file my_file-v7.pdb (PDB, C-alpha atoms)
ATOM      1  CA  PRO A   1     -10.697-115.161 -42.609
ATOM      2  CA  THR A   2     -12.723-112.639 -40.615
ATOM      3  CA  SER A   3     -12.790-111.039 -37.212
ATOM      4  CA  ARG A   4     -15.682-109.171 -35.594
ATOM      5  CA  LYS A   5     -15.230-107.295 -32.372
ATOM      6  CA  LYS A   6     -17.892-105.605 -30.251
ATOM      7  CA  LEU A   7     -17.304-103.381 -27.261
ATOM      8  CA  VAL A   8     -20.055-102.355 -24.845
ATOM      9  CA  ASN A   9     -19.670 -99.960 -21.919
ATOM     10  CA  ILE A  10     -22.454 -99.874 -19.334
ATOM     11  CA  MET A  11     -22.757 -97.347 -16.523
ATOM     12  CA  ILE A  12     -24.904 -98.545 -13.633
ATOM     13  CA  PRO A  13     -27.034 -95.625 -12.360
ATOM     14  CA  ASP A  14     -27.153 -94.507  -8.739
ATOM     15  CA  GLY A  15     -29.565 -96.529  -6.670
ATOM     16  CA  PHE A  16     -28.539 -99.865  -8.222
ATOM     17  CA  LYS A  17     -25.863-102.362  -7.339
ATOM     18  CA  ILE A  18     -24.473-105.206  -9.420
ATOM     19  CA  LEU A  19     -25.380-108.678  -8.136
ATOM     20  CA  SER A  20     -23.871-110.761 -10.931
ATOM     21  CA  ILE A  21     -22.274-110.442 -14.341
ATOM     22  CA  PRO A  22     -21.348-113.079 -16.935
ATOM     23  CA  GLU A  23     -17.957-114.749 -16.572
ATOM     24  CA  SER A  24     -15.187-114.121 -19.083
ATOM     25  CA  ILE A  25     -14.479-117.057 -21.395
ATOM     26  CA  LEU A  26     -12.479-118.151 -24.451
ATOM     27  CA  PHE A  27     -13.659-120.836 -26.920
ATOM     28  CA  LYS A  28     -11.418-122.170 -29.698
ATOM     29  CA  LEU A  29     -12.037-124.395 -32.690
ATOM     30  CA  LYS A  30      -9.593-127.225 -33.309
ATOM     31  CA  ASP A  31      -6.512-126.518 -35.428
ATOM     32  CA  ASP A  32      -6.858-122.808 -34.572
ATOM     33  CA  ALA A  33      -9.638-122.479 -37.175
ATOM     34  CA  GLY A  34     -11.486-119.925 -35.052
ATOM     35  CA  ALA A  35     -11.878-118.400 -31.623
ATOM     36  CA  PHE A  36     -14.443-116.576 -29.510
ATOM     37  CA  SER A  37     -13.445-114.384 -26.600
ATOM     38  CA  PHE A  38     -15.878-112.784 -24.185
ATOM     39  CA  ILE A  39     -14.233-110.591 -21.572
ATOM     40  CA  VAL A  40     -16.126-108.776 -18.827
ATOM     41  CA  HIS A  41     -14.493-106.087 -16.672
ATOM     42  CA  GLN A  42     -16.188-104.463 -13.700
ATOM     43  CA  ASN A  43     -14.829-101.272 -12.174
ATOM     44  CA  GLY A  44     -17.118 -99.734  -9.581
ATOM     45  CA  SER A  45     -20.380 -98.851 -11.294
ATOM     46  CA  PHE A  46     -19.002 -99.479 -14.798
ATOM     47  CA  ILE A  47     -19.129-102.721 -16.772
ATOM     48  CA  ARG A  48     -17.124-103.197 -19.964
ATOM     49  CA  ILE A  49     -17.856-106.161 -22.242
ATOM     50  CA  GLU A  50     -15.541-107.118 -25.102
ATOM     51  CA  SER A  51     -16.697-109.796 -27.528
ATOM     52  CA  GLU A  52     -14.645-111.019 -30.488
ATOM     53  CA  VAL A  53     -15.307-113.786 -33.012
ATOM     54  CA  SER A  54     -12.411-114.742 -35.281
ATOM     55  CA  ILE A  55     -12.633-117.278 -38.095
ATOM     56  CA  ASN A  56      -9.211-118.122 -39.517
ATOM     57  CA  ARG A  57     -10.266-120.372 -42.395
ATOM     58  CA  SER A  58     -12.612-119.643 -45.261
ATOM     59  CA  VAL A  59     -13.432-123.270 -46.112
ATOM     60  CA  PHE A  60     -14.605-125.977 -43.701
ATOM     61  CA  SER A  61     -15.301-129.601 -44.538
ATOM     62  CA  ALA A  62     -18.599-131.347 -43.846
ATOM     63  CA  SER A  63     -16.941-133.196 -40.968
ATOM     64  CA  ASP A  64     -16.396-129.822 -39.228
ATOM     65  CA  TYR A  65     -20.129-129.022 -39.221
ATOM     66  CA  TYR A  66     -20.845-130.399 -35.731
ATOM     67  CA  ASN A  67     -17.969-128.438 -34.162
ATOM     68  CA  LEU A  68     -18.961-125.225 -35.992
ATOM     69  CA  LYS A  69     -22.560-125.620 -34.858
ATOM     70  CA  LYS A  70     -21.446-126.181 -31.261
ATOM     71  CA  PHE A  71     -19.072-123.186 -31.512
ATOM     72  CA  TYR A  72     -21.816-120.808 -32.712
ATOM     73  CA  ASN A  73     -24.350-122.175 -30.204
ATOM     74  CA  SER A  74     -21.834-121.432 -27.439
ATOM     75  CA  ILE A  75     -21.461-117.868 -28.740
ATOM     76  CA  VAL A  76     -25.226-117.307 -28.747
ATOM     77  CA  GLU A  77     -25.622-118.749 -25.253
ATOM     78  CA  LYS A  78     -22.795-116.617 -23.846
ATOM     79  CA  GLN A  79     -24.033-113.393 -25.435
ATOM     80  CA  ASN A  80     -27.530-114.016 -24.023
ATOM     81  CA  GLU A  81     -26.385-114.239 -20.399
ATOM     82  CA  THR A  82     -27.852-111.567 -18.157
ATOM     83  CA  ILE A  83     -26.506-108.887 -15.889
ATOM     84  CA  VAL A  84     -28.387-108.952 -12.580
ATOM     85  CA  LEU A  85     -28.889-105.677 -10.718
ATOM     86  CA  ASP A  86     -30.399-104.912  -7.333
ATOM     87  CA  LYS A  87     -32.412-101.704  -6.961
ATOM     88  CA  ILE A  88     -31.813-100.023  -3.631
ATOM     89  CA  SER A  89     -34.803 -97.973  -2.519
ATOM     90  CA  GLU A  90     -34.767 -95.103  -0.063
ATOM     91  CA  ASP A  91     -36.357 -97.230   2.682
ATOM     92  CA  GLY A  92     -33.550 -99.804   2.492
ATOM     93  CA  THR A  93     -35.468-102.520   0.648
ATOM     94  CA  SER A  94     -34.278-103.858  -2.670
ATOM     95  CA  GLU A  95     -35.756-105.218  -5.879
ATOM     96  CA  ARG A  96     -33.983-107.614  -8.186
ATOM     97  CA  THR A  97     -33.674-106.469 -11.802
ATOM     98  CA  GLU A  98     -32.369-108.523 -14.729
ATOM     99  CA  SER A  99     -31.212-107.053 -18.015
ATOM    100  CA  GLY A 100     -30.274-108.878 -21.200
ATOM    101  CA  ARG A 101     -28.046-107.499 -23.873
TER     102      ARG A 101
END

call {"tool": "encode", "arguments": {"input": "my_file-v7.pdb", "output": "structure tokens"}}
result
Amino acid sequence: PTSRKKLVNIMIPDGFKILSIPESILFKLKDDAGAFSFIVHQNGSFIRIESEVSINRSVFSASDYYNLKKFYNSIVEKQNETIVLDKISEDGTSERTESGR
């Protein structure tokens, strides 16, 4: 069994505002064989992202392959979601900016 946790703190610089961030989510494999949590906190101009993948079994049968593949595809998709920022210029106009992780 393994567990990998990543923590990312992002400070949004002055002149930008947050338009959208990924939603928090929890995926689980059947029989509690594994879990993926992705938690996003926003506090003012700070974004904190916590990502954890836990696998609770060391051996999976061939019949579990489809569910494992779907589980890992979901992880990749979630971790590739973007944070969308809006740049506020001095003249009051804005530009949309997208940033991947």

call {"tool": "resolve_selection", "arguments": {"input": "my_file-v7.pdb", "expression": "the PyMOL selection byres ((chain A and resi 43-47) around 7)", "output": "PDB file with C-alpha atoms, in the coordinates of the input"}}
result
ATOM      1  CA  ASN A   9     -19.670 -99.960 -21.919  1.00  0.00           C
ATOM      2  CA  ILE A  10     -22.454 -99.874 -19.334  1.00  0.00           C
ATOM      3  CA  MET A  11     -22.757 -97.347 -16.523  1.00  0.00           C
ATOM      4  CA  ILE A  12     -24.904 -98.545 -13.633  1.00  0.00           C
ATOM      5  CA  HIS A  41     -14.493-106.087 -16.672  1.00  0.00           C
ATOM      6  CA  GLN A  42     -16.188-104.463 -13.700  1.00  0.00           C
ATOM      7  CA  ARG A  48     -17.124-103.197 -19.964  1.00  0.00           C
ATOM      8  CA  ILE A  49     -17.856-106.161 -22.242  1.00  0.00           C
TER       9      ILE A  49
END

call {"tool": "resolve_selection", "arguments": {"input": "my_file-v7.pdb", "expression": "the PyMOL selection byres ((chain A and resi 65-78) around 10)", "output": "NGL selection string"}}
result
:A and (22-30 or 33-38 or 51-53 or 60-64 or 79-82)

call {"tool": "closest_residue", "arguments": {"input": "my_file-v7.pdb", "among": "A:Asp31, A:Ser54, A:Val40, A:Asp14", "to": "A:Ser89", "atoms": "only C-alpha atoms"}}
result
A:Asp14

call {"tool": "residues_near_point", "arguments": {"input": "my_file-v7.pdb", "point": "(-29.2, -114.1, -6.6)", "cutoff": "10 Å", "atoms": "all atoms listed in the file", "output": "list in words"}}
result
Leu19, Ser20, Val84, Leu85, Asp86 and Arg96 of chain A

call {"tool": "atom_distance", "arguments": {"input": "my_file-v7.pdb", "atom1": "atom CA of A:Glu90", "atom2": "atom CA of A:Phe16"}}
result
11.3 Å

call {"tool": "closest_residue", "arguments": {"input": "my_file-v7.pdb", "among": "A:Asp32, A:Ile88, A:Asn56, A:Ile83", "to": "A:Arg4", "atoms": "only C-alpha atoms"}}
result
A:Asn56

call {"tool": "resolve_selection", "arguments": {"input": "my_file-v7.pdb", "expression": "the PyMOL selection byres ((chain A and resi 58) around 6)", "output": "PDB file with C-alpha atoms, in the coordinates of the input"}}
result
ATOM      1  CA  PRO A   1     -10.697-115.161 -42.609  1.00  0.00           C
ATOM      2  CA  ARG A  57     -10.266-120.372 -42.395  1.00  0.00           C
ATOM      3  CA  VAL A  59     -13.432-123.270 -46.112  1.00  0.00           C
TER       4      VAL A  59
END

call {"tool": "axis_aligned_box", "arguments": {"input": "my_file-v7.pdb", "around": "stretch 3-8 of chain A", "padding_each_side": "5 Å", "output": "lines of an AutoDock Vina configuration file"}}
result
center_x = -16.4
center_y = -106.7
center_z = -31.0
size_x = 17.3
size_y = 18.7
size_z = 22.4
